[in-house]
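S.K.: I have a structure I would like to understand better, so I am pasting it below and will then ask my questions one at a time.
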Amino acid sequence: MSEEEHCRAGVHGHRPDISCREVSEFLLAYLDRELDEPSRAEFELHLKLCPPCVNYLEGYRDTIALVRACTRDDAEGAAAKSCEGQPNQRPKKAPPEGLIQAILSAKCRAAAGKSSE
Amino acid sequence: MSTEAASSASGANGPSLDSEEREIIEGMRAGDDRAFERLVRAHVGPLRAVALRLLKNDADADDIVQEAFLSAFRNFDSFRADSRLQTWLHRIVVNGALQRLRRAKHRAGQQGDGELVDVSELLPRFAANGHPEHFSQPWVQTIEELATRAETREQVRQMIDKLPDNYRTVLILRDIEELDTSETAELLELTPGTVKVRLHRARQALRNLLERELELTANA
Ligand SMILES: [Zn+2]
């Protein structure tokens with residue numbers, strides 16, 4: 001939809017009672033199903049008439065999905081799974097043995113301190 | 001002490017604990033050293049990832065994870081039988097990391113590490129009549145395509161890191177760690193309303209950044 005068409009829909013078409021600004025504002029409430037029924041209906045009517053707002057909404061949803069997909073398994077496994085032989089990849093930590101040992105000895109000290117009190 | 005009450009049929013947290021978890025819990029209660037080591041080995045990886053995500057720094061993340069396990073050791077009495085070890089430890093680590101972020105902020109005034117984006121500049125803009133200044137285009141790549149490229153994954157993580165802490169922490173807790181609004185509000189000492197506003201802005205800003213930096217529209 002061109003900018004012109006979009007504006008025409010606003011003037012001549014069945015004009016929804018909420019603006020693109022409001023769609024953007026209430027997007028989270030809409031996705032979280034927190035809008036009351038009349039507002040939800042208005043929101044959906046706007047989406048039917050306004051492809052740019054649909055694009056905005058889809059990109060917003062995709063942003064959430066992409067954040068999850070790109071952070072989900074970065075602790076382990078990701079390197080092995082999607083490795084494309086890139087030499088500059090961050091060294092992915094195997095189980096951090098150094099940290100484990102540090103924790104175990106810190107705990108021994110803590111336990112010793114506790115029992116000698 | 002009896003902990004039977006919570007473990008009957010209706011179990012609040014779904015299926016019963018697996019046997020390893022049960023053994024660890026019993027061992028911890030009995031003061032068994034090996035149980036502590038098993039606890040550490042079973043959970044250190046994901047916990048370190050959470051700490052690193054929040055703190056953006058290896059040394060700080062290690063520190064917080066170590067403190068968290070020590071705290072778990074000292075306060076194992078406060079672990080309640082009807083929750084999962086993972087959930088309990090996660091909460092301790094997140095709390096510790098957030099406290100450290102707050103302290104660091106007080107010390108440094110603002111974060112000194114790397115350039116941060118200005119969220120208000122990344123929000124969508126509208127004319128007085130409510131029409132957008134920029135008409136959103138569909139994205140030309142799918143999430144699956146994007147997320148399989150290691151380079152893109154790294155870019156996405158870097159963009160999250162560029163959000164100011166106020167927004168970054170909310171986004172991490174809600175969208176990555178998948179805590180709910182009230183848990184997030186409690187941990188960050190915010191109202192639920194503020195959590196929602198910040199989450200929404202963080203997502204909008206990130207949406208804009210991703211679209212621009214990854215060139216996700218046809219005529220970008
Ligand atoms: Zn619209």
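Please note that chains go A, B, ... in the order of the structure tokens, that every chain numbers its residues from 1, and that ligands are numbered from 1 in the order shown.
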Can you list every residue of chain A that has an atom at most 10 Å from ligand 1, with its nearest atom pair and the distance in Å to one decimal, using only C-alpha atoms and all ligand atoms, ordered by chain then number, as JSON lines?

M.R.:
```
{"residue": "A:His6", "atom": "CA", "partner": "ligand 1", "partner_atom_place_in_ligand_line": "1 (Zn)", "distance": 8.2}
{"residue": "A:Cys7", "atom": "CA", "partner": "ligand 1", "partner_atom_place_in_ligand_line": "1 (Zn)", "distance": 9.8}
{"residue": "A:Gly10", "atom": "CA", "partner": "ligand 1", "partner_atom_place_in_ligand_line": "1 (Zn)", "distance": 9.3}
{"residue": "A:Pro16", "atom": "CA", "partner": "ligand 1", "partner_atom_place_in_ligand_line": "1 (Zn)", "distance": 9.2}
{"residue": "A:Ile18", "atom": "CA", "partner": "ligand 1", "partner_atom_place_in_ligand_line": "1 (Zn)", "distance": 8.4}
{"residue": "A:Ser19", "atom": "CA", "partner": "ligand 1", "partner_atom_place_in_ligand_line": "1 (Zn)", "distance": 6.1}
{"residue": "A:Cys20", "atom": "CA", "partner": "ligand 1", "partner_atom_place_in_ligand_line": "1 (Zn)", "distance": 3.7}
{"residue": "A:Arg21", "atom": "CA", "partner": "ligand 1", "partner_atom_place_in_ligand_line": "1 (Zn)", "distance": 7.4}
{"residue": "A:Glu22", "atom": "CA", "partner": "ligand 1", "partner_atom_place_in_ligand_line": "1 (Zn)", "distance": 8.5}
{"residue": "A:Val23", "atom": "CA", "partner": "ligand 1", "partner_atom_place_in_ligand_line": "1 (Zn)", "distance": 6.6}
{"residue": "A:Ser24", "atom": "CA", "partner": "ligand 1", "partner_atom_place_in_ligand_line": "1 (Zn)", "distance": 8.3}
{"residue": "A:Phe43", "atom": "CA", "partner": "ligand 1", "partner_atom_place_in_ligand_line": "1 (Zn)", "distance": 9.4}
{"residue": "A:Leu45", "atom": "CA", "partner": "ligand 1", "partner_atom_place_in_ligand_line": "1 (Zn)", "distance": 9.9}
{"residue": "A:His46", "atom": "CA", "partner": "ligand 1", "partner_atom_place_in_ligand_line": "1 (Zn)", "distance": 6.2}
{"residue": "A:Leu47", "atom": "CA", "partner": "ligand 1", "partner_atom_place_in_ligand_line": "1 (Zn)", "distance": 6.6}
{"residue": "A:Lys48", "atom": "CA", "partner": "ligand 1", "partner_atom_place_in_ligand_line": "1 (Zn)", "distance": 9.2}
{"residue": "A:Leu49", "atom": "CA", "partner": "ligand 1", "partner_atom_place_in_ligand_line": "1 (Zn)", "distance": 7.5}
{"residue": "A:Cys50", "atom": "CA", "partner": "ligand 1", "partner_atom_place_in_ligand_line": "1 (Zn)", "distance": 4.7}
{"residue": "A:Pro51", "atom": "CA", "partner": "ligand 1", "partner_atom_place_in_ligand_line": "1 (Zn)", "distance": 7.0}
{"residue": "A:Pro52", "atom": "CA", "partner": "ligand 1", "partner_atom_place_in_ligand_line": "1 (Zn)", "distance": 5.9}
{"residue": "A:Cys53", "atom": "CA", "partner": "ligand 1", "partner_atom_place_in_ligand_line": "1 (Zn)", "distance": 4.3}
{"residue": "A:Val54", "atom": "CA", "partner": "ligand 1", "partner_atom_place_in_ligand_line": "1 (Zn)", "distance": 7.6}
{"residue": "A:Asn55", "atom": "CA", "partner": "ligand 1", "partner_atom_place_in_ligand_line": "1 (Zn)", "distance": 9.4}
{"residue": "A:Tyr56", "atom": "CA", "partner": "ligand 1", "partner_atom_place_in_ligand_line": "1 (Zn)", "distance": 8.8}
{"residue": "A:Leu57", "atom": "CA", "partner": "ligand 1", "partner_atom_place_in_ligand_line": "1 (Zn)", "distance": 10.0}
```

S.K.: May I have the selected residues written with N, CA, C and O atoms, as an mmCIF file, in the first residue's frame?

M.R.:
```cif
data_model
loop_
_atom_site.group_PDB
_atom_site.id
_atom_site.type_symbol
_atom_site.label_atom_id
_atom_site.label_comp_id
_atom_site.auth_asym_id
_atom_site.auth_seq_id
_atom_site.Cartn_x
_atom_site.Cartn_y
_atom_site.Cartn_z
ATOM 1 N N HIS A 6 -2.950 4.675 1.677
ATOM 2 C CA HIS A 6 -3.166 4.585 3.109
ATOM 3 C C HIS A 6 -4.011 5.756 3.590
ATOM 4 O O HIS A 6 -4.965 5.594 4.331
ATOM 5 N N CYS A 7 -3.673 6.936 3.119
ATOM 6 C CA CYS A 7 -4.397 8.120 3.550
ATOM 7 C C CYS A 7 -5.824 8.098 3.018
ATOM 8 O O CYS A 7 -6.751 8.498 3.705
ATOM 9 N N GLY A 10 -8.090 6.211 5.010
ATOM 10 C CA GLY A 10 -8.487 6.978 6.184
ATOM 11 C C GLY A 10 -9.618 7.947 5.892
ATOM 12 O O GLY A 10 -10.505 8.141 6.706
ATOM 13 N N PRO A 16 -11.307 3.311 10.731
ATOM 14 C CA PRO A 16 -11.320 2.780 12.089
ATOM 15 C C PRO A 16 -11.172 3.919 13.103
ATOM 16 O O PRO A 16 -10.647 4.974 12.766
ATOM 17 N N ILE A 18 -9.354 4.019 15.664
ATOM 18 C CA ILE A 18 -8.040 4.238 16.252
ATOM 19 C C ILE A 18 -7.025 4.484 15.147
ATOM 20 O O ILE A 18 -7.165 4.003 14.031
ATOM 21 N N SER A 19 -6.011 5.242 15.485
ATOM 22 C CA SER A 19 -4.991 5.622 14.511
ATOM 23 C C SER A 19 -3.830 4.636 14.554
ATOM 24 O O SER A 19 -3.726 3.797 15.455
ATOM 25 N N CYS A 20 -2.941 4.769 13.579
ATOM 26 C CA CYS A 20 -1.723 3.942 13.572
ATOM 27 C C CYS A 20 -0.916 4.193 14.851
ATOM 28 O O CYS A 20 -0.291 3.277 15.391
ATOM 29 N N ARG A 21 -0.930 5.425 15.318
ATOM 30 C CA ARG A 21 -0.203 5.729 16.547
ATOM 31 C C ARG A 21 -0.746 4.883 17.709
ATOM 32 O O ARG A 21 0.009 4.324 18.495
ATOM 33 N N GLU A 22 -2.076 4.794 17.762
ATOM 34 C CA GLU A 22 -2.661 4.019 18.856
ATOM 35 C C GLU A 22 -2.399 2.521 18.698
ATOM 36 O O GLU A 22 -2.218 1.810 19.686
ATOM 37 N N VAL A 23 -2.373 2.065 17.469
ATOM 38 C CA VAL A 23 -2.035 0.658 17.242
ATOM 39 C C VAL A 23 -0.646 0.383 17.806
ATOM 40 O O VAL A 23 -0.422 -0.595 18.529
ATOM 41 N N SER A 24 0.279 1.277 17.492
ATOM 42 C CA SER A 24 1.635 1.111 17.989
ATOM 43 C C SER A 24 1.675 1.152 19.517
ATOM 44 O O SER A 24 2.355 0.360 20.162
ATOM 45 N N PHE A 43 -9.121 -2.486 17.155
ATOM 46 C CA PHE A 43 -7.725 -2.767 16.826
ATOM 47 C C PHE A 43 -7.660 -3.688 15.598
ATOM 48 O O PHE A 43 -6.931 -3.422 14.632
ATOM 49 N N LEU A 45 -9.987 -4.224 13.387
ATOM 50 C CA LEU A 45 -10.532 -3.558 12.202
ATOM 51 C C LEU A 45 -9.439 -2.701 11.561
ATOM 52 O O LEU A 45 -9.266 -2.704 10.341
ATOM 53 N N HIS A 46 -8.711 -2.003 12.394
ATOM 54 C CA HIS A 46 -7.619 -1.188 11.869
ATOM 55 C C HIS A 46 -6.631 -2.073 11.102
ATOM 56 O O HIS A 46 -6.204 -1.725 10.000
ATOM 57 N N LEU A 47 -6.288 -3.200 11.676
ATOM 58 C CA LEU A 47 -5.328 -4.092 11.012
ATOM 59 C C LEU A 47 -5.848 -4.564 9.657
ATOM 60 O O LEU A 47 -5.082 -4.712 8.706
ATOM 61 N N LYS A 48 -7.152 -4.800 9.577
ATOM 62 C CA LYS A 48 -7.726 -5.243 8.294
ATOM 63 C C LYS A 48 -7.532 -4.196 7.217
ATOM 64 O O LYS A 48 -7.383 -4.505 6.041
ATOM 65 N N LEU A 49 -7.545 -2.921 7.627
ATOM 66 C CA LEU A 49 -7.511 -1.831 6.657
ATOM 67 C C LEU A 49 -6.125 -1.247 6.450
ATOM 68 O O LEU A 49 -5.932 -0.394 5.592
ATOM 69 N N CYS A 50 -5.171 -1.691 7.235
ATOM 70 C CA CYS A 50 -3.885 -0.984 7.229
ATOM 71 C C CYS A 50 -2.689 -1.941 7.184
ATOM 72 O O CYS A 50 -2.140 -2.322 8.215
ATOM 73 N N PRO A 51 -2.278 -2.326 5.974
ATOM 74 C CA PRO A 51 -1.123 -3.238 5.850
ATOM 75 C C PRO A 51 0.145 -2.764 6.578
ATOM 76 O O PRO A 51 0.852 -3.594 7.153
ATOM 77 N N PRO A 52 0.476 -1.476 6.557
ATOM 78 C CA PRO A 52 1.703 -1.091 7.285
ATOM 79 C C PRO A 52 1.650 -1.451 8.771
ATOM 80 O O PRO A 52 2.668 -1.856 9.345
ATOM 81 N N CYS A 53 0.476 -1.321 9.384
ATOM 82 C CA CYS A 53 0.382 -1.693 10.798
ATOM 83 C C CYS A 53 0.517 -3.207 10.975
ATOM 84 O O CYS A 53 1.073 -3.667 11.973
ATOM 85 N N VAL A 54 0.021 -3.970 10.000
ATOM 86 C CA VAL A 54 0.214 -5.425 10.049
ATOM 87 C C VAL A 54 1.707 -5.737 9.947
ATOM 88 O O VAL A 54 2.242 -6.555 10.698
ATOM 89 N N ASN A 55 2.388 -5.044 9.031
ATOM 90 C CA ASN A 55 3.836 -5.251 8.913
ATOM 91 C C ASN A 55 4.546 -4.891 10.211
ATOM 92 O O ASN A 55 5.479 -5.583 10.632
ATOM 93 N N TYR A 56 4.099 -3.806 10.812
ATOM 94 C CA TYR A 56 4.729 -3.399 12.066
ATOM 95 C C TYR A 56 4.549 -4.484 13.126
ATOM 96 O O TYR A 56 5.501 -4.888 13.798
ATOM 97 N N LEU A 57 3.315 -4.963 13.232
ATOM 98 C CA LEU A 57 3.006 -5.987 14.229
ATOM 99 C C LEU A 57 3.823 -7.264 13.983
ATOM 100 O O LEU A 57 4.377 -7.849 14.913
#
```

S.K.: Mind checking which residues fall within 7 Å of Leu216 (chain B), counting only C-alpha atoms, ignoring those fewer than 4 positions away in the same chain, and posting them as a ChimeraX atom specification?

M.R.: /B:139-141,211-212

S.K.: If we count only C-alpha atoms, what is near region 51-68 of chain B at a cut-off of 7 Å, once residues fewer than 3 positions away on the same chain are taken out, given as an NGL selection string?

M.R.: (:A and (99 or 103)) or (:B and (47-48 or 71-72 or 92-94 or 96-97 or 101 or 169))

S.K.: Set the distance at 8 Å and use only C-alpha atoms: which residues neighbour Leu206 (chain B) once local chain neighbours fewer than 6 positions away are removed? I'd like the list as a PyMOL selection string.

M.R.: (chain A and resi 63) or (chain B and resi 122+159-160)

S.K.: Please, which residues of chain B lie no more than 8 Å from chain A when the count uses only C-alpha atoms, and can they be set out as number ranges by chain?

M.R.: B: 37, 40-41, 44-46, 48-49, 62, 66, 69-70, 73, 124, 126, 129-132, 135-139, 143, 146-150, 153-154, 156-157, 175-176, 196, 200, 203-204, 206-207, 210

S.K.: Hey, can you check how far CA of Leu187 (chain B) sits from CA of Arg174 (chain B)?

M.R.: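 Answer for the CA of Leu187 (chain B) to CA of Arg174 (chain B) separation: 11.4 Å.
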
S.K.: Quick one: distance from CA of Asp17 (chain A) to CA of His134 (chain B) in Å, one decimal?

M.R.: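 Separation of CA of Asp17 (chain A) and CA of His134 (chain B): 20.4 Å.
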
S.K.: When you draw a straight line from CA of Asp180 (chain B) to CA of Glu121 (chain B), how long is it in Å?

M.R.: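 Computing the Euclidean distance for CA of Asp180 (chain B) and CA of Glu121 (chain B) yields 27.2 Å.
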